[in-house]
$ cat data_15.json   # JSON, C-alpha atoms
[["chain", "number", "residue", "atom", "x", "y", "z"],
["A", 1, "MET", "CA", 138.27, 66.46, 126.47],
["A", 2, "ILE", "CA", 136.36, 65.11, 129.46],
["A", 3, "ARG", "CA", 133.58, 67.59, 128.78],
["A", 4, "SER", "CA", 133.42, 66.44, 125.13],
["A", 5, "LEU", "CA", 133.22, 62.80, 126.17],
["A", 6, "THR", "CA", 130.48, 63.64, 128.66],
["A", 7, "CYS", "CA", 128.50, 65.42, 125.94],
["A", 8, "LEU", "CA", 129.00, 62.50, 123.56],
["A", 9, "ALA", "CA", 127.85, 60.04, 126.23],
["A", 10, "ALA", "CA", 124.75, 62.14, 126.92],
["A", 11, "ALA", "CA", 123.99, 62.37, 123.21],
["A", 12, "PHE", "CA", 124.40, 58.59, 122.84],
["A", 13, "PHE", "CA", 122.07, 58.02, 125.77],
["A", 14, "LEU", "CA", 119.42, 60.27, 124.23],
["A", 15, "VAL", "CA", 119.68, 58.52, 120.86],
["A", 16, "ALA", "CA", 119.47, 55.09, 122.52],
["A", 17, "ALA", "CA", 116.48, 56.16, 124.60],
["A", 18, "SER", "CA", 114.78, 57.56, 121.51],
["A", 19, "ALA", "CA", 115.42, 54.34, 119.56],
["A", 20, "HIS", "CA", 114.00, 52.29, 122.40],
["A", 21, "ALA", "CA", 110.90, 54.47, 122.54],
["A", 22, "GLN", "CA", 110.42, 54.07, 118.78],
["A", 23, "GLN", "CA", 110.71, 50.31, 119.09],
["A", 24, "ALA", "CA", 107.96, 50.13, 121.71],
["A", 25, "SER", "CA", 104.71, 49.04, 120.07],
["A", 26, "ARG", "CA", 101.04, 48.82, 120.94],
["A", 27, "LEU", "CA", 101.45, 45.06, 120.83],
["A", 28, "ASP", "CA", 104.02, 45.35, 123.63],
["A", 29, "ASP", "CA", 101.71, 47.68, 125.55],
["A", 30, "ILE", "CA", 98.75, 45.27, 125.28],
["A", 31, "ILE", "CA", 100.80, 42.35, 126.54],
["A", 32, "LYS", "CA", 102.31, 44.43, 129.36],
["A", 33, "ARG", "CA", 98.88, 45.80, 130.31],
["A", 34, "GLY", "CA", 97.36, 42.32, 130.27],
["A", 35, "THR", "CA", 94.18, 43.45, 128.52],
["A", 36, "LEU", "CA", 93.01, 43.91, 124.93],
["A", 37, "ARG", "CA", 90.48, 46.74, 124.68],
["A", 38, "VAL", "CA", 87.89, 45.86, 122.05],
["A", 39, "GLY", "CA", 85.43, 48.48, 120.80],
["A", 40, "MET", "CA", 81.97, 47.15, 119.89],
["A", 41, "THR", "CA", 78.57, 48.67, 119.17],
["A", 42, "GLY", "CA", 76.69, 45.67, 120.53],
["A", 43, "ASP", "CA", 73.75, 46.19, 118.16],
["A", 44, "TYR", "CA", 74.71, 44.23, 115.06],
["A", 45, "LEU", "CA", 73.91, 40.54, 115.12],
["A", 46, "PRO", "CA", 75.32, 38.12, 114.15],
["A", 47, "PHE", "CA", 78.55, 40.04, 114.72],
["A", 48, "THR", "CA", 77.91, 41.60, 118.12],
["A", 49, "TYR", "CA", 75.06, 42.07, 120.57],
["A", 50, "PHE", "CA", 75.07, 43.52, 124.07],
["A", 51, "ASP", "CA", 72.59, 41.72, 126.31],
["A", 52, "LYS", "CA", 71.40, 44.24, 128.91],
["A", 53, "THR", "CA", 70.06, 41.50, 131.18],
["A", 54, "THR", "CA", 73.46, 39.84, 131.53],
["A", 55, "SER", "CA", 75.61, 42.91, 130.71],
["A", 56, "LYS", "CA", 77.62, 40.72, 128.34],
["A", 57, "PHE", "CA", 78.41, 40.76, 124.64],
["A", 58, "ARG", "CA", 77.77, 37.84, 122.34],
["A", 59, "GLY", "CA", 78.19, 37.21, 118.64],
["A", 60, "PHE", "CA", 80.63, 36.05, 115.99],
["A", 61, "ASP", "CA", 83.15, 38.80, 116.64],
["A", 62, "VAL", "CA", 82.84, 38.33, 120.40],
["A", 63, "ASP", "CA", 83.95, 34.73, 119.95],
["A", 64, "MET", "CA", 86.73, 35.94, 117.66],
["A", 65, "ALA", "CA", 87.81, 38.59, 120.17],
["A", 66, "GLU", "CA", 88.04, 35.98, 122.91],
["A", 67, "MET", "CA", 90.17, 33.80, 120.64],
["A", 68, "LEU", "CA", 92.44, 36.77, 119.86],
["A", 69, "GLY", "CA", 92.78, 37.58, 123.54],
["A", 70, "LYS", "CA", 93.77, 33.98, 124.23],
["A", 71, "ALA", "CA", 96.35, 34.11, 121.45],
["A", 72, "LEU", "CA", 97.81, 37.28, 122.99],
["A", 73, "GLY", "CA", 97.68, 35.80, 126.48],
["A", 74, "VAL", "CA", 95.57, 38.69, 127.81],
["A", 75, "LYS", "CA", 92.02, 39.35, 128.99],
["A", 76, "VAL", "CA", 89.50, 41.01, 126.69],
["A", 77, "GLU", "CA", 87.96, 44.26, 127.89],
["A", 78, "TYR", "CA", 84.90, 45.31, 125.88],
["A", 79, "VAL", "CA", 84.29, 49.00, 125.33],
["A", 80, "GLN", "CA", 80.79, 49.79, 124.12],
["A", 81, "THR", "CA", 80.51, 52.40, 121.40],
["A", 82, "ALA", "CA", 77.94, 53.34, 118.73],
["A", 83, "TRP", "CA", 78.16, 53.76, 114.97],
["A", 84, "PRO", "CA", 77.83, 57.58, 115.06],
["A", 85, "GLN", "CA", 80.46, 57.68, 117.83],
["A", 86, "LEU", "CA", 82.82, 55.01, 116.50],
["A", 87, "MET", "CA", 85.27, 57.34, 114.74],
["A", 88, "LYS", "CA", 85.51, 59.73, 117.71],
["A", 89, "ASP", "CA", 86.05, 56.87, 120.16],
["A", 90, "PHE", "CA", 88.72, 55.39, 117.89],
["A", 91, "GLU", "CA", 90.55, 58.72, 117.59],
["A", 92, "ALA", "CA", 90.35, 59.14, 121.38],
["A", 93, "ASP", "CA", 92.17, 55.78, 121.73],
["A", 94, "ASN", "CA", 89.33, 54.34, 123.81],
["A", 95, "PHE", "CA", 90.15, 50.88, 122.46],
["A", 96, "ASP", "CA", 92.96, 49.02, 120.69],
["A", 97, "ILE", "CA", 90.78, 47.37, 118.06],
["A", 98, "ALA", "CA", 87.25, 47.79, 116.75],
["A", 99, "MET", "CA", 85.37, 44.57, 116.04],
["A", 100, "GLY", "CA", 81.74, 43.73, 115.40],
["A", 101, "GLY", "CA", 80.98, 43.88, 111.67],
["A", 102, "VAL", "CA", 83.20, 46.88, 110.86],
["A", 103, "SER", "CA", 83.41, 47.64, 107.14],
["A", 104, "ILE", "CA", 86.61, 48.85, 105.53],
["A", 105, "THR", "CA", 86.33, 52.49, 104.43],
["A", 106, "LEU", "CA", 88.96, 54.94, 103.27],
["A", 107, "ASP", "CA", 87.93, 57.41, 105.98],
["A", 108, "ARG", "CA", 88.62, 54.78, 108.62],
["A", 109, "GLN", "CA", 91.84, 53.77, 106.88],
["A", 110, "LYS", "CA", 93.10, 57.35, 107.31],
["A", 111, "LYS", "CA", 92.80, 57.00, 111.07],
["A", 112, "GLY", "CA", 94.14, 53.50, 111.62],
["A", 113, "MET", "CA", 94.95, 50.17, 110.00],
["A", 114, "PHE", "CA", 92.78, 47.27, 108.92],
["A", 115, "SER", "CA", 93.50, 43.60, 109.38],
["A", 116, "THR", "CA", 93.31, 41.11, 106.58],
["A", 117, "PRO", "CA", 89.64, 41.16, 105.42],
["A", 118, "ILE", "CA", 87.47, 38.52, 107.05],
["A", 119, "MET", "CA", 84.46, 38.81, 104.74],
["A", 120, "ARG", "CA", 83.51, 40.10, 101.30],
["A", 121, "GLU", "CA", 79.97, 41.39, 100.74],
["A", 122, "GLY", "CA", 78.01, 44.57, 99.99],
["A", 123, "LYS", "CA", 74.73, 46.38, 100.49],
["A", 124, "THR", "CA", 71.51, 44.63, 99.51],
["A", 125, "PRO", "CA", 67.84, 45.08, 100.46],
["A", 126, "ILE", "CA", 65.79, 43.19, 102.99],
["A", 127, "ALA", "CA", 62.01, 43.53, 102.79],
["A", 128, "ARG", "CA", 58.81, 41.71, 103.67],
["A", 129, "CYS", "CA", 58.79, 38.48, 101.71],
["A", 130, "ALA", "CA", 55.52, 39.43, 99.96],
["A", 131, "ASP", "CA", 57.24, 42.56, 98.57],
["A", 132, "LYS", "CA", 60.76, 41.37, 97.87],
["A", 133, "ASP", "CA", 60.31, 41.24, 94.07],
["A", 134, "LYS", "CA", 59.47, 44.96, 94.09],
["A", 135, "TYR", "CA", 62.97, 45.99, 95.19],
["A", 136, "GLU", "CA", 65.40, 44.26, 92.85],
["A", 137, "THR", "CA", 67.27, 47.40, 91.76],
["A", 138, "ILE", "CA", 68.13, 50.85, 93.07],
["A", 139, "ALA", "CA", 65.71, 52.28, 90.49],
["A", 140, "ASP", "CA", 62.94, 50.04, 91.86],
["A", 141, "ILE", "CA", 63.64, 51.32, 95.36],
["A", 142, "ASP", "CA", 64.18, 55.00, 94.61],
["A", 143, "LYS", "CA", 60.56, 55.89, 93.94],
["A", 144, "SER", "CA", 58.23, 58.31, 95.65],
["A", 145, "GLY", "CA", 56.24, 56.50, 98.31],
["A", 146, "THR", "CA", 58.90, 53.90, 99.13],
["A", 147, "ARG", "CA", 59.97, 54.03, 102.76],
["A", 148, "VAL", "CA", 63.64, 53.18, 103.28],
["A", 149, "ILE", "CA", 64.65, 52.75, 106.91],
["A", 150, "VAL", "CA", 68.26, 53.06, 108.04],
["A", 151, "ASN", "CA", 70.33, 53.15, 111.22],
["A", 152, "PRO", "CA", 72.38, 56.33, 111.65],
["A", 153, "GLY", "CA", 76.08, 57.03, 111.50],
["A", 154, "GLY", "CA", 77.48, 54.12, 109.53],
["A", 155, "THR", "CA", 77.90, 52.82, 106.02],
["A", 156, "ASN", "CA", 74.18, 51.95, 105.73],
["A", 157, "GLU", "CA", 73.12, 55.58, 106.06],
["A", 158, "ARG", "CA", 75.94, 56.68, 103.77],
["A", 159, "PHE", "CA", 74.86, 54.23, 101.07],
["A", 160, "ALA", "CA", 71.18, 55.19, 101.35],
["A", 161, "ARG", "CA", 71.88, 58.92, 101.10],
["A", 162, "ALA", "CA", 74.18, 58.42, 98.12],
["A", 163, "ASN", "CA", 71.64, 56.37, 96.17],
["A", 164, "VAL", "CA", 68.17, 57.39, 97.30],
["A", 165, "LYS", "CA", 66.86, 60.74, 96.03],
["A", 166, "ASN", "CA", 63.11, 60.22, 95.59],
["A", 167, "ALA", "CA", 62.15, 57.60, 98.17],
["A", 168, "GLU", "CA", 61.68, 58.55, 101.81],
["A", 169, "ILE", "CA", 64.62, 57.85, 104.15],
["A", 170, "GLU", "CA", 63.68, 57.27, 107.77],
["A", 171, "ILE", "CA", 66.41, 57.29, 110.41],
["A", 172, "TYR", "CA", 65.78, 54.75, 113.16],
["A", 173, "ASN", "CA", 68.14, 54.78, 116.13],
["A", 174, "ASP", "CA", 67.75, 51.22, 117.44],
["A", 175, "ASN", "CA", 69.66, 48.86, 115.20],
["A", 176, "VAL", "CA", 68.38, 45.87, 117.18],
["A", 177, "THR", "CA", 64.65, 46.43, 116.58],
["A", 178, "ILE", "CA", 64.92, 48.15, 113.20],
["A", 179, "PHE", "CA", 63.95, 45.00, 111.31],
["A", 180, "ASP", "CA", 60.75, 44.72, 113.31],
["A", 181, "GLU", "CA", 59.75, 48.05, 111.77],
["A", 182, "ILE", "CA", 59.83, 46.42, 108.34],
["A", 183, "ALA", "CA", 58.07, 43.27, 109.54],
["A", 184, "ASN", "CA", 55.32, 45.36, 111.15],
["A", 185, "GLY", "CA", 54.78, 47.46, 108.04],
["A", 186, "ASN", "CA", 56.21, 50.72, 109.38],
["A", 187, "ALA", "CA", 58.90, 50.72, 106.68],
["A", 188, "ASP", "CA", 59.27, 48.96, 103.34],
["A", 189, "LEU", "CA", 62.91, 47.93, 103.30],
["A", 190, "MET", "CA", 66.40, 48.45, 104.56],
["A", 191, "MET", "CA", 69.63, 48.27, 102.59],
["A", 192, "THR", "CA", 72.37, 46.75, 104.69],
["A", 193, "ASP", "CA", 75.21, 44.23, 104.49],
["A", 194, "SER", "CA", 74.24, 40.98, 102.83],
["A", 195, "SER", "CA", 75.48, 38.98, 105.84],
["A", 196, "GLU", "CA", 73.00, 40.83, 108.06],
["A", 197, "THR", "CA", 70.11, 40.35, 105.62],
["A", 198, "ARG", "CA", 70.76, 36.60, 105.59],
["A", 199, "TYR", "CA", 70.84, 36.51, 109.38],
["A", 200, "GLN", "CA", 67.66, 38.56, 109.80],
["A", 201, "GLN", "CA", 65.93, 36.39, 107.20],
["A", 202, "LYS", "CA", 66.79, 33.40, 109.38],
["A", 203, "LEU", "CA", 65.40, 35.19, 112.46],
["A", 204, "HIS", "CA", 62.15, 36.15, 110.64],
["A", 205, "PRO", "CA", 61.36, 33.07, 108.50],
["A", 206, "GLY", "CA", 58.61, 33.67, 105.98],
["A", 207, "VAL", "CA", 58.29, 37.31, 107.09],
["A", 208, "LEU", "CA", 61.50, 39.04, 105.99],
["A", 209, "CYS", "CA", 63.48, 38.05, 102.92],
["A", 210, "ALA", "CA", 66.95, 39.06, 101.77],
["A", 211, "VAL", "CA", 66.92, 40.36, 98.20],
["A", 212, "HIS", "CA", 69.70, 38.79, 96.09],
["A", 213, "PRO", "CA", 72.30, 38.77, 98.92],
["A", 214, "GLU", "CA", 74.60, 36.80, 96.62],
["A", 215, "LYS", "CA", 74.67, 39.81, 94.24],
["A", 216, "PRO", "CA", 74.86, 42.98, 96.37],
["A", 217, "PHE", "CA", 74.67, 46.47, 94.91],
["A", 218, "ASP", "CA", 78.26, 47.31, 95.76],
["A", 219, "PHE", "CA", 81.55, 45.88, 96.95],
["A", 220, "ALA", "CA", 82.61, 45.93, 100.57],
["A", 221, "GLU", "CA", 84.82, 44.01, 102.95],
["A", 222, "LYS", "CA", 84.76, 43.60, 106.70],
["A", 223, "ALA", "CA", 87.90, 43.54, 108.79],
["A", 224, "TYR", "CA", 89.20, 44.50, 112.22],
["A", 225, "TRP", "CA", 90.08, 48.17, 112.65],
["A", 226, "LEU", "CA", 93.35, 48.61, 114.53],
["A", 227, "GLN", "CA", 95.09, 51.56, 116.06],
["A", 228, "ARG", "CA", 98.08, 52.33, 113.84],
["A", 229, "ASP", "CA", 100.85, 49.93, 114.85],
["A", 230, "ALA", "CA", 102.69, 47.65, 112.43],
["A", 231, "ALA", "CA", 103.59, 45.01, 115.04],
["A", 232, "PHE", "CA", 100.00, 44.75, 116.28],
["A", 233, "LYS", "CA", 98.65, 44.45, 112.72],
["A", 234, "ALA", "CA", 101.23, 41.78, 111.86],
["A", 235, "PHE", "CA", 100.17, 39.75, 114.91],
["A", 236, "VAL", "CA", 96.45, 40.04, 114.14],
["A", 237, "ASP", "CA", 96.98, 39.12, 110.48],
["A", 238, "GLN", "CA", 99.05, 36.07, 111.40],
["A", 239, "TRP", "CA", 96.46, 35.03, 114.01],
["A", 240, "LEU", "CA", 93.72, 35.25, 111.36],
["A", 241, "HIS", "CA", 95.83, 33.26, 108.91],
["A", 242, "ILE", "CA", 96.31, 30.47, 111.44],
["A", 243, "ALA", "CA", 92.61, 30.55, 112.40],
["A", 244, "VAL", "CA", 91.61, 30.05, 108.78],
["A", 245, "GLU", "CA", 94.12, 27.26, 108.22],
["A", 246, "ASP", "CA", 93.36, 25.30, 111.41],
["A", 247, "GLY", "CA", 89.59, 25.52, 110.92],
["A", 248, "SER", "CA", 88.74, 27.59, 114.00],
["A", 249, "PHE", "CA", 87.56, 30.55, 111.91],
["A", 250, "LYS", "CA", 85.24, 28.29, 109.93],
["A", 251, "ARG", "CA", 83.91, 26.68, 113.11],
["A", 252, "ILE", "CA", 83.03, 30.01, 114.72],
["A", 253, "SER", "CA", 81.60, 31.36, 111.47],
["A", 254, "ALA", "CA", 79.37, 28.32, 110.98],
["A", 255, "ALA", "CA", 77.92, 28.72, 114.48],
["A", 256, "TRP", "CA", 76.64, 32.22, 113.65],
["A", 257, "PHE", "CA", 76.08, 32.36, 109.89],
["A", 258, "GLU", "CA", 74.85, 28.89, 108.92]]
$ encode --input "data_15.json" --output "structure tokens"
Amino acid sequence: MIRSLTCLAAAFFLVAASAHAQQASRLDDIIKRGTLRVGMTGDYLPFTYFDKTTSKFRGFDVDMAEMLGKALGVKVEYVQTAWPQLMKDFEADNFDIAMGGVSITLDRQKKGMFSTPIMREGKTPIARCADKDKYETIADIDKSGTRVIVNPGGTNERFARANVKNAEIEIYNDNVTIFDEIANGNADLMMTDSSETRYQQKLHPGVLCAVHPEKPFDFAEKAYWLQRDAAFKAFVDQWLHIAVEDGSFKRISAAWFE
């Protein structure tokens, strides 16, 4: 009898310990750790940019990350990644959340969870202003002699390779200076997110022009890519909801996009 009770007590202890382990969440871990690890490429203004002179990140999603860290009551630790490396770094659990202009894709959804979308847009061209009327459609672009430039490893390259069969595709590794290649005549256009074309148009007034950014070629949404944890996602979604309702999201967005 005593032996049976001992076995039952041990079994109960194991079940209780297992239940407790299952209840533990990444949200709990982040708060206990005192840091939120944010993965960023640092090469995608206005969302994120890593300044080598100051060794600091800046951008829309940097401001948002700091606000999220404050809401969690933890410090933000930035982990630099790159678009070709993003998936591997995410799978290796090098960060809790990926921010910095990350588009929702089904491949990424398989590996983690996405927050409530923060932006709706799609791919659209940016070209020299003198040539912008030449690239209204995919058919206009996909002609022999057209030079399409693209940064590697992300949705821009994927879109270009899926839609461009006759034009030349040039892979350019520096996503910060890639638009200078178009301005300087070394490439004809790039197809990227409409938010980025608007921003680069603002940075290169009269030189580079976004081509119908209000009517992109496809549909896409940006969000924050989270390691799979329901409690963490629920917190981030509620934080975004409050940020939209109290105007802080609009304030930060206006500082970078308007």
$ residues_around --input "data_15.json" --residues "A:Asn184" --least-positions-apart "5" --cutoff "12 Å" --atoms "only C-alpha atoms" --output "PyMOL selection string"
chain A and resi 127-128+177-179+189+204+207-208
$ residues_around --input "data_15.json" --residues "A:Pro152" --least-positions-apart "4" --cutoff "8 Å" --atoms "only C-alpha atoms" --output "count of residues only"
7
$ atom_distance --input "data_15.json" --atom1 "atom CA of A:Lys132" --atom2 "atom CA of A:Cys209"
6.6 Å
$ atom_distance --input "data_15.json" --atom1 "atom CA of A:Val76" --atom2 "atom CA of A:Leu36"
4.9 Å
$ residues_around --input "data_15.json" --residues "stretch 64-68 of chain A" --least-positions-apart "4" --cutoff "9 Å" --atoms "all atoms listed in the file" --output "tab-separated table (two decimals) with C-alpha atoms, keeping the file's coordinate frame"
chain	number	residue	atom	x	y	z
A	36	LEU	CA	93.01	43.91	124.93
A	38	VAL	CA	87.89	45.86	122.05
A	59	GLY	CA	78.19	37.21	118.64
A	60	PHE	CA	80.63	36.05	115.99
A	72	LEU	CA	97.81	37.28	122.99
A	73	GLY	CA	97.68	35.80	126.48
A	74	VAL	CA	95.57	38.69	127.81
A	75	LYS	CA	92.02	39.35	128.99
A	76	VAL	CA	89.50	41.01	126.69
A	99	MET	CA	85.37	44.57	116.04
A	236	VAL	CA	96.45	40.04	114.14
A	239	TRP	CA	96.46	35.03	114.01
A	240	LEU	CA	93.72	35.25	111.36
A	249	PHE	CA	87.56	30.55	111.91
A	252	ILE	CA	83.03	30.01	114.72
$ atom_distance --input "data_15.json" --atom1 "atom CA of A:Asp89" --atom2 "atom CA of A:Glu221"
21.5 Å
$ closest_atom_pairs --input "data_15.json" --of "stretch 203-242 of chain A" --to "stretch 39-53 of chain A" --cutoff "12 Å" --atoms "all atoms listed in the file" --output "CSV"
residue,atom,partner,partner_atom,distance
A:Leu203,CA,A:Leu45,CA,10.4
A:Lys222,CA,A:Phe47,CA,10.7
A:Ala223,CA,A:Phe47,CA,11.6
A:Tyr224,CA,A:Gly39,CA,10.2
A:Trp225,CA,A:Gly39,CA,9.4
A:Leu226,CA,A:Gly39,CA,10.1
A:Gln227,CA,A:Gly39,CA,11.2
$ closest_residue --input "data_15.json" --among "A:Arg147, A:Asp218, A:Thr155, A:Asp246" --to "A:Asn186" --atoms "only C-alpha atoms"
A:Arg147
$ residues_around --input "data_15.json" --residues "stretch 117-121 of chain A" --least-positions-apart "2" --cutoff "12 Å" --atoms "only C-alpha atoms" --output "VMD selection string"
chain A and resid 47 60 to 61 64 99 to 105 113 to 115 123 to 124 192 to 198 212 to 225 236 to 237 239 to 241 243 to 244 249 to 250 253 257
$ closest_residue --input "data_15.json" --among "A:Ala160, A:Ile126, A:Ile97, A:Val148" --to "A:Val211" --atoms "only C-alpha atoms"
A:Ile126
$ build_atoms --input "data_15.json" --residues "stretch 209-230 of chain A" --atoms "N, CA, C and O atoms" --output "PDB file, keeping the file's coordinate frame"
ATOM      1  N   CYS A 209      62.670  38.763 103.903  1.00  0.00           N
ATOM      2  CA  CYS A 209      63.480  38.050 102.920  1.00  0.00           C
ATOM      3  C   CYS A 209      64.618  38.938 102.419  1.00  0.00           C
ATOM      4  O   CYS A 209      64.404  40.119 102.094  1.00  0.00           O
ATOM      5  N   ALA A 210      65.811  38.377 102.369  1.00  0.00           N
ATOM      6  CA  ALA A 210      66.950  39.060 101.770  1.00  0.00           C
ATOM      7  C   ALA A 210      66.773  39.073 100.257  1.00  0.00           C
ATOM      8  O   ALA A 210      66.376  38.072  99.662  1.00  0.00           O
ATOM      9  N   VAL A 211      67.058  40.213  99.649  1.00  0.00           N
ATOM     10  CA  VAL A 211      66.920  40.360  98.200  1.00  0.00           C
ATOM     11  C   VAL A 211      68.293  40.201  97.554  1.00  0.00           C
ATOM     12  O   VAL A 211      69.193  40.994  97.818  1.00  0.00           O
ATOM     13  N   HIS A 212      68.445  39.182  96.759  1.00  0.00           N
ATOM     14  CA  HIS A 212      69.700  38.790  96.090  1.00  0.00           C
ATOM     15  C   HIS A 212      70.961  39.095  96.908  1.00  0.00           C
ATOM     16  O   HIS A 212      71.847  39.860  96.466  1.00  0.00           O
ATOM     17  N   PRO A 213      71.097  38.512  98.117  1.00  0.00           N
ATOM     18  CA  PRO A 213      72.300  38.770  98.920  1.00  0.00           C
ATOM     19  C   PRO A 213      73.578  38.258  98.263  1.00  0.00           C
ATOM     20  O   PRO A 213      74.676  38.720  98.599  1.00  0.00           O
ATOM     21  N   GLU A 214      73.434  37.318  97.328  1.00  0.00           N
ATOM     22  CA  GLU A 214      74.600  36.800  96.620  1.00  0.00           C
ATOM     23  C   GLU A 214      75.105  37.785  95.557  1.00  0.00           C
ATOM     24  O   GLU A 214      76.226  37.647  95.042  1.00  0.00           O
ATOM     25  N   LYS A 215      74.283  38.797  95.221  1.00  0.00           N
ATOM     26  CA  LYS A 215      74.670  39.810  94.240  1.00  0.00           C
ATOM     27  C   LYS A 215      74.361  41.204  94.793  1.00  0.00           C
ATOM     28  O   LYS A 215      73.404  41.858  94.370  1.00  0.00           O
ATOM     29  N   PRO A 216      75.130  41.667  95.762  1.00  0.00           N
ATOM     30  CA  PRO A 216      74.860  42.980  96.370  1.00  0.00           C
ATOM     31  C   PRO A 216      75.073  44.117  95.392  1.00  0.00           C
ATOM     32  O   PRO A 216      75.693  43.953  94.342  1.00  0.00           O
ATOM     33  N   PHE A 217      74.570  45.288  95.767  1.00  0.00           N
ATOM     34  CA  PHE A 217      74.670  46.470  94.910  1.00  0.00           C
ATOM     35  C   PHE A 217      76.093  46.980  94.774  1.00  0.00           C
ATOM     36  O   PHE A 217      76.440  47.617  93.774  1.00  0.00           O
ATOM     37  N   ASP A 218      76.911  46.778  95.787  1.00  0.00           N
ATOM     38  CA  ASP A 218      78.260  47.310  95.760  1.00  0.00           C
ATOM     39  C   ASP A 218      79.247  46.314  96.333  1.00  0.00           C
ATOM     40  O   ASP A 218      78.874  45.189  96.697  1.00  0.00           O
ATOM     41  N   PHE A 219      80.487  46.717  96.407  1.00  0.00           N
ATOM     42  CA  PHE A 219      81.550  45.880  96.950  1.00  0.00           C
ATOM     43  C   PHE A 219      81.974  46.416  98.308  1.00  0.00           C
ATOM     44  O   PHE A 219      82.144  47.627  98.491  1.00  0.00           O
ATOM     45  N   ALA A 220      82.124  45.531  99.249  1.00  0.00           N
ATOM     46  CA  ALA A 220      82.610  45.930 100.570  1.00  0.00           C
ATOM     47  C   ALA A 220      83.302  44.741 101.223  1.00  0.00           C
ATOM     48  O   ALA A 220      83.052  43.588 100.868  1.00  0.00           O
ATOM     49  N   GLU A 221      84.162  45.054 102.167  1.00  0.00           N
ATOM     50  CA  GLU A 221      84.820  44.010 102.950  1.00  0.00           C
ATOM     51  C   GLU A 221      84.762  44.390 104.422  1.00  0.00           C
ATOM     52  O   GLU A 221      84.783  45.573 104.777  1.00  0.00           O
ATOM     53  N   LYS A 222      84.696  43.384 105.260  1.00  0.00           N
ATOM     54  CA  LYS A 222      84.760  43.600 106.700  1.00  0.00           C
ATOM     55  C   LYS A 222      86.134  43.162 107.191  1.00  0.00           C
ATOM     56  O   LYS A 222      86.734  42.217 106.652  1.00  0.00           O
ATOM     57  N   ALA A 223      86.599  43.855 108.215  1.00  0.00           N
ATOM     58  CA  ALA A 223      87.900  43.540 108.790  1.00  0.00           C
ATOM     59  C   ALA A 223      87.913  44.079 110.219  1.00  0.00           C
ATOM     60  O   ALA A 223      86.909  44.602 110.712  1.00  0.00           O
ATOM     61  N   TYR A 224      89.044  43.961 110.876  1.00  0.00           N
ATOM     62  CA  TYR A 224      89.200  44.500 112.220  1.00  0.00           C
ATOM     63  C   TYR A 224      90.017  45.786 112.116  1.00  0.00           C
ATOM     64  O   TYR A 224      91.076  45.825 111.471  1.00  0.00           O
ATOM     65  N   TRP A 225      89.498  46.822 112.750  1.00  0.00           N
ATOM     66  CA  TRP A 225      90.080  48.170 112.650  1.00  0.00           C
ATOM     67  C   TRP A 225      91.022  48.389 113.815  1.00  0.00           C
ATOM     68  O   TRP A 225      90.608  48.404 114.973  1.00  0.00           O
ATOM     69  N   LEU A 226      92.305  48.549 113.505  1.00  0.00           N
ATOM     70  CA  LEU A 226      93.350  48.610 114.530  1.00  0.00           C
ATOM     71  C   LEU A 226      93.935  50.006 114.656  1.00  0.00           C
ATOM     72  O   LEU A 226      94.087  50.721 113.659  1.00  0.00           O
ATOM     73  N   GLN A 227      94.282  50.366 115.886  1.00  0.00           N
ATOM     74  CA  GLN A 227      95.090  51.560 116.060  1.00  0.00           C
ATOM     75  C   GLN A 227      96.407  51.370 115.302  1.00  0.00           C
ATOM     76  O   GLN A 227      96.924  50.265 115.201  1.00  0.00           O
ATOM     77  N   ARG A 228      96.956  52.430 114.759  1.00  0.00           N
ATOM     78  CA  ARG A 228      98.080  52.330 113.840  1.00  0.00           C
ATOM     79  C   ARG A 228      99.335  51.821 114.547  1.00  0.00           C
ATOM     80  O   ARG A 228      99.970  52.519 115.326  1.00  0.00           O
ATOM     81  N   ASP A 229      99.663  50.557 114.265  1.00  0.00           N
ATOM     82  CA  ASP A 229     100.850  49.930 114.850  1.00  0.00           C
ATOM     83  C   ASP A 229     101.179  48.696 114.010  1.00  0.00           C
ATOM     84  O   ASP A 229     100.383  47.748 113.936  1.00  0.00           O
ATOM     85  N   ALA A 230     102.325  48.706 113.363  1.00  0.00           N
ATOM     86  CA  ALA A 230     102.690  47.650 112.430  1.00  0.00           C
ATOM     87  C   ALA A 230     102.823  46.292 113.120  1.00  0.00           C
ATOM     88  O   ALA A 230     102.421  45.258 112.575  1.00  0.00           O
TER      89      ALA A 230
END
